[in-house]
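Data file: start.cif. Format and content: mmCIF, C-alpha atoms.
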```cif
data_input
#
loop_
_atom_site.group_PDB
_atom_site.id
_atom_site.type_symbol
_atom_site.label_atom_id
_atom_site.label_comp_id
_atom_site.auth_asym_id
_atom_site.auth_seq_id
_atom_site.Cartn_x
_atom_site.Cartn_y
_atom_site.Cartn_z
ATOM 1 C CA MET A 1 12.593 14.985 7.003
ATOM 2 C CA ALA A 2 10.544 16.423 4.116
ATOM 3 C CA ILE A 3 6.989 17.691 4.514
ATOM 4 C CA VAL A 4 4.577 18.856 1.815
ATOM 5 C CA ASP A 5 1.100 20.315 2.195
ATOM 6 C CA VAL A 6 -1.451 18.102 0.448
ATOM 7 C CA ARG A 7 -4.974 19.515 0.553
ATOM 8 C CA GLY A 8 -4.407 21.154 3.931
ATOM 9 C CA VAL A 9 -2.577 18.257 5.637
ATOM 10 C CA ASP A 10 1.203 18.029 6.059
ATOM 11 C CA HIS A 11 2.427 14.826 4.430
ATOM 12 C CA TYR A 12 5.775 13.193 5.156
ATOM 13 C CA TYR A 13 7.755 12.060 2.119
ATOM 14 C CA GLU A 14 11.282 10.964 1.318
ATOM 15 C CA TRP A 15 13.382 10.153 -1.716
ATOM 16 C CA ILE A 16 15.489 7.045 -2.048
ATOM 17 C CA ARG A 17 17.904 7.495 -4.914
ATOM 18 C CA HIS A 18 21.580 6.944 -5.537
ATOM 19 C CA SER A 19 22.265 10.484 -6.710
ATOM 20 C CA GLU A 20 20.710 13.826 -5.828
ATOM 21 C CA ASN A 21 21.143 14.873 -9.461
ATOM 22 C CA SER A 22 19.486 11.740 -10.788
ATOM 23 C CA HIS A 23 17.066 11.900 -13.701
ATOM 24 C CA LYS A 24 15.794 8.346 -13.620
ATOM 25 C CA PRO A 25 12.104 7.505 -13.930
ATOM 26 C CA VAL A 26 10.216 7.907 -10.654
ATOM 27 C CA MET A 27 8.494 5.092 -8.795
ATOM 28 C CA VAL A 28 5.997 6.075 -6.111
ATOM 29 C CA PHE A 29 5.289 3.608 -3.302
ATOM 30 C CA ILE A 30 1.921 3.500 -1.506
ATOM 31 C CA HIS A 31 1.618 1.708 1.825
ATOM 32 C CA GLY A 32 -1.340 -0.199 3.237
ATOM 33 C CA TRP A 33 -3.674 0.271 6.198
ATOM 34 C CA GLY A 34 -2.019 1.066 9.508
ATOM 35 C CA GLY A 35 1.438 1.297 8.004
ATOM 36 C CA SER A 36 3.765 3.890 6.526
ATOM 37 C CA GLY A 37 6.282 4.190 3.730
ATOM 38 C CA ARG A 38 8.935 2.719 6.016
ATOM 39 C CA TYR A 39 8.274 -0.898 5.098
ATOM 40 C CA TRP A 40 8.903 -0.099 1.429
ATOM 41 C CA ARG A 41 12.462 1.130 2.045
ATOM 42 C CA SER A 42 14.263 -2.144 1.362
ATOM 43 C CA THR A 43 12.422 -2.576 -1.944
ATOM 44 C CA ALA A 44 13.110 1.023 -2.945
ATOM 45 C CA GLU A 45 16.786 0.754 -2.070
ATOM 46 C CA ALA A 46 17.082 -2.428 -4.136
ATOM 47 C CA ILE A 47 15.748 -0.777 -7.319
ATOM 48 C CA ALA A 48 17.322 2.655 -6.865
ATOM 49 C CA ASP A 49 19.782 1.950 -9.685
ATOM 50 C CA ASP A 50 16.843 2.068 -12.078
ATOM 51 C CA PHE A 51 14.361 4.410 -10.364
ATOM 52 C CA ASP A 52 14.237 7.470 -8.160
ATOM 53 C CA CYS A 53 11.919 6.152 -5.450
ATOM 54 C CA LEU A 54 9.377 8.323 -3.644
ATOM 55 C CA LEU A 55 7.941 7.081 -0.363
ATOM 56 C CA TYR A 56 5.203 8.971 1.463
ATOM 57 C CA ASP A 57 2.873 8.454 4.411
ATOM 58 C CA MET A 58 -0.809 8.787 3.627
ATOM 59 C CA ARG A 59 -3.057 11.265 5.413
ATOM 60 C CA GLY A 60 -3.574 10.212 9.025
ATOM 61 C CA PHE A 61 -0.945 7.456 8.959
ATOM 62 C CA GLY A 62 2.701 7.202 9.929
ATOM 63 C CA ARG A 63 4.355 10.589 9.992
ATOM 64 C CA SER A 64 1.447 12.405 8.298
ATOM 65 C CA PRO A 65 -0.785 13.093 11.329
ATOM 66 C CA LEU A 66 -4.079 14.912 11.014
ATOM 67 C CA PRO A 67 -4.023 18.475 12.394
ATOM 68 C CA GLN A 68 -6.424 19.429 15.189
ATOM 69 C CA ASN A 69 -8.652 21.244 12.722
ATOM 70 C CA ALA A 70 -8.268 18.783 9.886
ATOM 71 C CA PRO A 71 -10.076 19.602 6.639
ATOM 72 C CA GLU A 72 -13.057 17.352 5.948
ATOM 73 C CA LEU A 73 -11.604 15.408 3.050
ATOM 74 C CA GLY A 74 -13.167 12.004 3.684
ATOM 75 C CA TYR A 75 -11.611 8.567 3.996
ATOM 76 C CA ALA A 76 -12.843 6.859 0.835
ATOM 77 C CA MET A 77 -10.283 5.319 -1.487
ATOM 78 C CA GLU A 78 -11.175 7.990 -4.055
ATOM 79 C CA ASP A 79 -10.287 10.697 -1.507
ATOM 80 C CA TYR A 80 -6.837 9.229 -1.011
ATOM 81 C CA ALA A 81 -6.417 8.927 -4.781
ATOM 82 C CA GLU A 82 -6.994 12.684 -4.979
ATOM 83 C CA ASP A 83 -4.373 13.176 -2.264
ATOM 84 C CA LEU A 84 -1.912 11.301 -4.461
ATOM 85 C CA ALA A 85 -2.792 13.409 -7.497
ATOM 86 C CA THR A 86 -2.191 16.598 -5.499
ATOM 87 C CA LEU A 87 1.094 15.242 -4.135
ATOM 88 C CA LEU A 88 2.398 14.503 -7.636
ATOM 89 C CA ASP A 89 1.310 17.906 -8.928
ATOM 90 C CA THR A 90 2.931 19.679 -5.976
ATOM 91 C CA LEU A 91 6.204 17.818 -6.504
ATOM 92 C CA LYS A 92 5.943 18.465 -10.265
ATOM 93 C CA LEU A 93 5.929 14.785 -11.191
ATOM 94 C CA ASN A 94 4.134 14.429 -14.503
ATOM 95 C CA GLN A 95 4.394 10.680 -15.075
ATOM 96 C CA VAL A 96 5.475 7.961 -12.671
ATOM 97 C CA TYR A 97 5.454 4.253 -11.939
ATOM 98 C CA LEU A 98 3.326 3.061 -9.001
ATOM 99 C CA ASN A 99 3.966 0.253 -6.527
ATOM 100 C CA ALA A 100 1.114 -0.072 -4.035
ATOM 101 C CA HIS A 101 0.237 -2.551 -1.295
ATOM 102 C CA SER A 102 -3.003 -3.830 0.247
ATOM 103 C CA MET A 103 -5.390 -0.902 0.900
ATOM 104 C CA GLY A 104 -2.872 1.290 -0.896
ATOM 105 C CA ALA A 105 -3.369 -0.866 -3.989
ATOM 106 C CA SER A 106 -7.103 -0.088 -3.915
ATOM 107 C CA ILE A 107 -6.229 3.609 -3.772
ATOM 108 C CA ALA A 108 -3.801 3.123 -6.661
ATOM 109 C CA THR A 109 -6.504 1.408 -8.729
ATOM 110 C CA PHE A 110 -8.824 4.404 -8.353
ATOM 111 C CA PHE A 111 -5.912 6.696 -9.230
ATOM 112 C CA LEU A 112 -5.043 4.677 -12.340
ATOM 113 C CA ASN A 113 -8.564 5.012 -13.701
ATOM 114 C CA ARG A 114 -8.807 8.731 -12.988
ATOM 115 C CA TYR A 115 -5.303 9.737 -14.071
ATOM 116 C CA PRO A 116 -4.053 7.041 -16.482
ATOM 117 C CA GLU A 117 -1.884 9.572 -18.315
ATOM 118 C CA LYS A 118 0.208 10.011 -15.159
ATOM 119 C CA VAL A 119 1.349 6.367 -14.871
ATOM 120 C CA HIS A 120 3.639 4.274 -17.074
ATOM 121 C CA GLN A 121 3.132 0.953 -15.284
ATOM 122 C CA ALA A 122 1.662 -0.124 -11.952
ATOM 123 C CA ILE A 123 2.262 -2.901 -9.447
ATOM 124 C CA LEU A 124 -0.563 -3.879 -7.088
ATOM 125 C CA THR A 125 0.615 -6.118 -4.259
ATOM 126 C CA CYS A 126 -1.819 -8.141 -2.128
ATOM 127 C CA ASN A 127 -5.113 -6.810 -3.406
ATOM 128 C CA GLY A 128 -8.170 -8.162 -5.170
ATOM 129 C CA ILE A 129 -11.924 -8.611 -5.151
ATOM 130 C CA PHE A 130 -13.809 -9.260 -1.923
ATOM 131 C CA GLU A 131 -17.101 -11.118 -1.716
ATOM 132 C CA TYR A 132 -19.708 -9.302 0.359
ATOM 133 C CA ASP A 133 -20.794 -10.960 3.600
ATOM 134 C CA ALA A 134 -22.911 -8.644 5.751
ATOM 135 C CA LYS A 135 -22.297 -10.488 9.027
ATOM 136 C CA ALA A 136 -18.577 -10.939 8.428
ATOM 137 C CA PHE A 137 -18.118 -7.307 7.418
ATOM 138 C CA ALA A 138 -20.067 -6.063 10.457
ATOM 139 C CA ALA A 139 -17.947 -8.236 12.743
ATOM 140 C CA PHE A 140 -14.765 -7.005 11.067
ATOM 141 C CA HIS A 141 -15.792 -3.367 11.480
ATOM 142 C CA LYS A 142 -16.663 -3.899 15.140
ATOM 143 C CA PHE A 143 -13.441 -5.751 15.895
ATOM 144 C CA GLY A 144 -11.386 -3.259 13.895
ATOM 145 C CA GLY A 145 -12.931 -0.375 15.809
ATOM 146 C CA TYR A 146 -11.994 -1.958 19.125
ATOM 147 C CA VAL A 147 -8.453 -2.697 17.979
ATOM 148 C CA VAL A 148 -7.949 0.907 16.866
ATOM 149 C CA LYS A 149 -9.575 2.403 19.965
ATOM 150 C CA PHE A 150 -7.583 0.457 22.519
ATOM 151 C CA ARG A 151 -4.005 1.152 21.491
ATOM 152 C CA TYR A 152 -1.318 1.977 24.027
ATOM 153 C CA ASN A 153 2.335 2.872 23.583
ATOM 154 C CA TRP A 154 3.329 0.391 26.279
ATOM 155 C CA PHE A 155 2.571 -2.347 23.722
ATOM 156 C CA LEU A 156 6.063 -1.633 22.381
ATOM 157 C CA LYS A 157 7.596 -2.651 25.702
ATOM 158 C CA PHE A 158 5.660 -5.902 25.953
ATOM 159 C CA PRO A 159 7.903 -8.908 25.181
ATOM 160 C CA PHE A 160 7.206 -10.377 21.736
ATOM 161 C CA ALA A 161 4.433 -7.813 21.053
ATOM 162 C CA ASP A 162 5.810 -7.173 17.583
ATOM 163 C CA ARG A 163 5.915 -10.897 16.797
ATOM 164 C CA MET A 164 2.359 -11.488 18.016
ATOM 165 C CA PHE A 165 1.032 -8.409 16.217
ATOM 166 C CA MET A 166 2.529 -9.426 12.870
ATOM 167 C CA ALA A 167 1.834 -13.179 13.101
ATOM 168 C CA ARG A 168 -1.442 -12.941 11.191
ATOM 169 C CA PHE A 169 0.229 -11.056 8.339
ATOM 170 C CA LEU A 170 3.189 -13.368 7.756
ATOM 171 C CA HIS A 171 4.041 -16.876 6.609
ATOM 172 C CA ARG A 172 7.816 -16.411 6.736
ATOM 173 C CA PRO A 173 9.721 -14.459 9.404
ATOM 174 C CA ILE A 174 10.843 -10.916 8.685
ATOM 175 C CA ALA A 175 13.401 -8.719 10.443
ATOM 176 C CA LYS A 176 12.534 -7.656 13.985
ATOM 177 C CA SER A 177 13.159 -4.035 13.004
ATOM 178 C CA ASP A 178 10.442 -4.308 10.334
ATOM 179 C CA ARG A 179 7.998 -5.843 12.815
ATOM 180 C CA LEU A 180 8.654 -3.110 15.363
ATOM 181 C CA GLU A 181 8.270 -0.337 12.790
ATOM 182 C CA PHE A 182 4.931 -1.680 11.647
ATOM 183 C CA LEU A 183 3.684 -1.877 15.247
ATOM 184 C CA GLU A 184 4.908 1.673 15.859
ATOM 185 C CA ASP A 185 3.099 2.886 12.744
ATOM 186 C CA PHE A 186 -0.108 1.174 13.837
ATOM 187 C CA LEU A 187 0.090 2.962 17.187
ATOM 188 C CA LEU A 188 0.749 6.291 15.437
ATOM 189 C CA ALA A 189 -2.234 6.114 13.091
ATOM 190 C CA ASP A 190 -4.926 8.724 13.741
ATOM 191 C CA TYR A 191 -8.133 7.196 15.035
ATOM 192 C CA GLU A 192 -10.370 8.927 12.480
ATOM 193 C CA ALA A 193 -8.235 7.861 9.525
ATOM 194 C CA ALA A 194 -7.746 4.301 10.762
ATOM 195 C CA VAL A 195 -11.441 3.702 11.462
ATOM 196 C CA GLY A 196 -12.631 5.672 8.443
ATOM 197 C CA THR A 197 -10.579 3.615 6.016
ATOM 198 C CA ILE A 198 -11.722 0.350 7.616
ATOM 199 C CA TYR A 199 -15.293 1.280 6.766
ATOM 200 C CA THR A 200 -14.569 2.447 3.221
ATOM 201 C CA SER A 201 -12.066 -0.180 2.058
ATOM 202 C CA VAL A 202 -14.027 -3.171 3.399
ATOM 203 C CA SER A 203 -17.625 -2.355 2.544
ATOM 204 C CA LYS A 204 -20.578 -3.345 0.388
ATOM 205 C CA GLN A 205 -19.869 -0.336 -1.822
ATOM 206 C CA ALA A 206 -16.232 -1.353 -2.307
ATOM 207 C CA VAL A 207 -17.299 -4.897 -3.229
ATOM 208 C CA GLU A 208 -19.637 -3.477 -5.860
ATOM 209 C CA ILE A 209 -17.211 -0.882 -7.245
ATOM 210 C CA MET A 210 -13.817 -2.609 -7.303
ATOM 211 C CA PRO A 211 -14.589 -5.211 -10.038
ATOM 212 C CA GLN A 212 -15.471 -2.390 -12.412
ATOM 213 C CA GLU A 213 -12.365 -0.466 -11.398
ATOM 214 C CA PHE A 214 -10.186 -3.455 -12.268
ATOM 215 C CA THR A 215 -12.093 -3.967 -15.517
ATOM 216 C CA ASN A 216 -11.522 -0.351 -16.541
ATOM 217 C CA LEU A 217 -7.731 -0.328 -16.105
ATOM 218 C CA THR A 218 -5.828 0.742 -19.201
ATOM 219 C CA VAL A 219 -2.365 1.068 -17.622
ATOM 220 C CA PRO A 220 -0.189 -2.096 -17.810
ATOM 221 C CA THR A 221 -0.467 -3.558 -14.316
ATOM 222 C CA LEU A 222 1.130 -6.384 -12.351
ATOM 223 C CA MET A 223 -0.918 -8.025 -9.592
ATOM 224 C CA VAL A 224 1.241 -9.841 -7.014
ATOM 225 C CA SER A 225 -0.347 -12.103 -4.394
ATOM 226 C CA GLY A 226 1.141 -14.091 -1.542
ATOM 227 C CA GLU A 227 0.210 -17.769 -1.788
ATOM 228 C CA LYS A 228 -0.418 -18.037 1.970
ATOM 229 C CA ASP A 229 -2.064 -14.638 2.489
ATOM 230 C CA ILE A 230 -5.083 -14.871 4.802
ATOM 231 C CA ILE A 231 -5.697 -11.096 4.897
ATOM 232 C CA ILE A 232 -6.374 -10.828 1.152
ATOM 233 C CA PRO A 233 -6.234 -14.424 -0.138
ATOM 234 C CA ALA A 234 -4.548 -15.063 -3.463
ATOM 235 C CA LYS A 235 -7.817 -16.125 -5.093
ATOM 236 C CA MET A 236 -9.014 -12.514 -4.752
ATOM 237 C CA GLY A 237 -6.014 -11.345 -6.761
ATOM 238 C CA ARG A 238 -6.620 -13.999 -9.409
ATOM 239 C CA GLN A 239 -10.250 -12.913 -9.715
ATOM 240 C CA ALA A 240 -9.235 -9.291 -10.207
ATOM 241 C CA ALA A 241 -6.590 -10.128 -12.807
ATOM 242 C CA ALA A 242 -9.045 -12.297 -14.751
ATOM 243 C CA LEU A 243 -11.187 -9.223 -15.445
ATOM 244 C CA ASN A 244 -8.645 -7.416 -17.601
ATOM 245 C CA ASP A 245 -5.916 -8.514 -19.985
ATOM 246 C CA LYS A 246 -3.918 -5.440 -18.947
ATOM 247 C CA ILE A 247 -3.318 -7.143 -15.586
ATOM 248 C CA LYS A 248 -0.549 -9.718 -15.323
ATOM 249 C CA TYR A 249 -0.940 -11.999 -12.292
ATOM 250 C CA ILE A 250 1.879 -13.539 -10.255
ATOM 251 C CA GLU A 251 1.518 -15.588 -7.068
ATOM 252 C CA LEU A 252 4.613 -15.868 -4.870
ATOM 253 C CA PRO A 253 4.849 -19.228 -3.084
ATOM 254 C CA ASN A 254 5.282 -19.485 0.670
ATOM 255 C CA THR A 255 4.604 -15.802 1.305
ATOM 256 C CA SER A 256 1.681 -14.048 2.931
ATOM 257 C CA HIS A 257 0.645 -10.375 3.179
ATOM 258 C CA PHE A 258 4.158 -8.882 2.970
ATOM 259 C CA PRO A 259 5.856 -10.777 0.120
ATOM 260 C CA MET A 260 8.258 -7.876 -0.454
ATOM 261 C CA LEU A 261 9.697 -8.554 3.033
ATOM 262 C CA GLU A 262 9.119 -12.297 3.354
ATOM 263 C CA ASP A 263 10.912 -13.206 0.108
ATOM 264 C CA GLN A 264 12.595 -10.072 -1.167
ATOM 265 C CA THR A 265 14.574 -11.874 -3.869
ATOM 266 C CA ALA A 266 11.507 -13.446 -5.477
ATOM 267 C CA TYR A 267 9.561 -10.202 -5.192
ATOM 268 C CA LEU A 268 12.321 -8.126 -6.771
ATOM 269 C CA ASN A 269 12.824 -10.605 -9.599
ATOM 270 C CA THR A 270 9.087 -10.529 -10.283
ATOM 271 C CA ILE A 271 8.772 -6.767 -10.475
ATOM 272 C CA ARG A 272 12.032 -6.332 -12.394
ATOM 273 C CA GLU A 273 10.862 -8.775 -15.033
ATOM 274 C CA PHE A 274 7.568 -6.911 -15.358
ATOM 275 C CA LEU A 275 9.291 -3.528 -15.531
ATOM 276 C CA GLN A 276 12.037 -4.937 -17.770
ATOM 277 C CA VAL A 277 14.825 -3.368 -15.752
ATOM 278 C CA GLY A 278 17.803 -4.598 -13.780
ATOM 279 C CA SER A 279 19.017 -8.166 -13.622
ATOM 280 C CA VAL A 280 16.832 -11.159 -12.879
ATOM 281 C CA ALA A 281 18.492 -13.911 -10.883
ATOM 282 C CA VAL A 282 18.337 -17.399 -12.348
#
```
Can you give me the file's structure in the form of structure tokens?
Amino acid sequence: MAIVDVRGVDHYYEWIRHSENSHKPVMVFIHGWGGSGRYWRSTAEAIADDFDCLLYDMRGFGRSPLPQNAPELGYAMEDYAEDLATLLDTLKLNQVYLNAHSMGASIATFFLNRYPEKVHQAILTCNGIFEYDAKAFAAFHKFGGYVVKFRYNWFLKFPFADRMFMARFLHRPIAKSDRLEFLEDFLLADYEAAVGTIYTSVSKQAVEIMPQEFTNLTVPTLMVSGEKDIIIPAKMGRQAAALNDKIKYIELPNTSHFPMLEDQTAYLNTIREFLQVGSVAV
């Protein structure tokens, strides 16, 4: 287990690479809300012939818990983008590729616009532009707060808890081990980080800011949406991609919010073609 101090908080990270002495380009993976770097492992392992893959758990999530006297860093997407910048500087990574998912893709977008010189290419999976609805957002915040507040470890012992928890996120089945890990990560998430990011990632301010962030991108970027995604519907990804000719848009059929797990072959072929590495199955 590797730990690095990022702005006063210990962050978990791990390398997935086929050789300790490798000098391949580096791809950094960013997970979404409530998760951890664990669900990116299968993707990272599949492309490790071409990249040294860095997985990390964001502040307050997974294996990067907040200390008792946590520094007041904030939970805005910009704050997490600064965490990423510090992580890369600490690990002496000057230029990388990014592959980010869901809320992590919003963080990556802010990072790309603030540190474009640090990124060769970026992949944003299951992200896009929300339309503001005051009542819907208020209801989401209230429901999200309850869900985060009332979490108990015995959920893991409840029959089919993992299947029920993940049902809203999936169109195709994924491995039980992946479902259980995501439920475990959700239970591990610090309350302050989980609630704080709900309010900042789904907000009137985010709705107003994100279109401009997508418009300003200068780094070649791939936007991947799941055709059946009800968390961040594909139309939101299409709207984001339409704002900037630097963004290539791909929609994967019969997948939802975790296309990298629901149809790994299609996902890998899509990103390999964009990155122009590896072999693409016919």
Handout entry: Exercise: region 157-168 of chain A partners within 6 Å, all atoms listed in the file, chain neighbours under 3 positions left out, as a PyMOL selection string
Key = chain A and resi 154+179-180
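Counting only C-alpha atoms and comparing A:Ile209, A:Met223, A:Ile198, A:Ala189, the residue that lies closest to Phe143 (chain A) is A:Ile198.
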Exercise for the section: Report as a list in words the residues that result from applying the PyMOL selection byres ((chain A and resi 257) around 8) to the structure here. Expected result: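 Residues picked by the PyMOL selection byres ((chain A and resi 257) around 8): Cys126, Phe169, Leu170, Ser225, Gly226, Lys228, Asp229, Ile230, Ile231, Ile232, Thr255, Ser256, Phe258 and Pro259 of chain A.
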Problem - Chain and number of each residue from the PyMOL selection byres ((chain A and resi 88) around 12), as a ChimeraX atom specification - result: /A:4-6,13,26-28,54-56,81-87,89-98,111,115,118-119
Handout entry: Best match for closeness to Asp49 (chain A) among A:Ala193, A:Ile129, A:Ile16, A:Leu66, counting all atoms listed in the file
Key =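 Closest to Asp49 (chain A), using all atoms listed in the file: A:Ile16.
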Using all atoms of region 220-229 of chain A listed in the file and a margin of 3 Å per side, can you give the axis-aligned box centre and edge lengths in Å to one decimal, as AutoDock Vina command-line options?
```
--center_x -0.4 --center_y -10.1 --center_z -7.7 --size_x 9.3 --size_y 21.9 --size_z 26.3
```
Exercise for the section: Could you tell me which of A:Ala70, A:Ile247, A:Cys53, A:Val9 comes closest to Glu192 (chain A) if we count only C-alpha atoms? Expected result: A:Ala70
Practice task
Using only C-alpha atoms, pick whichever of A:Gly144, A:Glu273, A:Leu268, A:His120 has the shortest atom-to-atom distance to Ala44 (chain A).
Solution key: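 Of A:Gly144, A:Glu273, A:Leu268, A:His120, the one nearest Ala44 (chain A) is A:Leu268, counting only C-alpha atoms.
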Practice task
Kindly indicate which residue among A:Thr215, A:Asn244, A:Asn153, A:Ser177 lies nearest to Arg38 (chain A), using all atoms listed in the file for the distances.
Solution key: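 Between A:Thr215, A:Asn244, A:Asn153, A:Ser177, the residue approaching Arg38 (chain A) most closely is A:Ser177.
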Handout entry: From A:Met1, A:Leu156, A:Ala48, A:Leu112, residue lying nearest Glu181 (chain A) [all atoms listed in the file]
Key =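 Looking only at the distances to Glu181 (chain A), the closest residue turns out to be A:Leu156.
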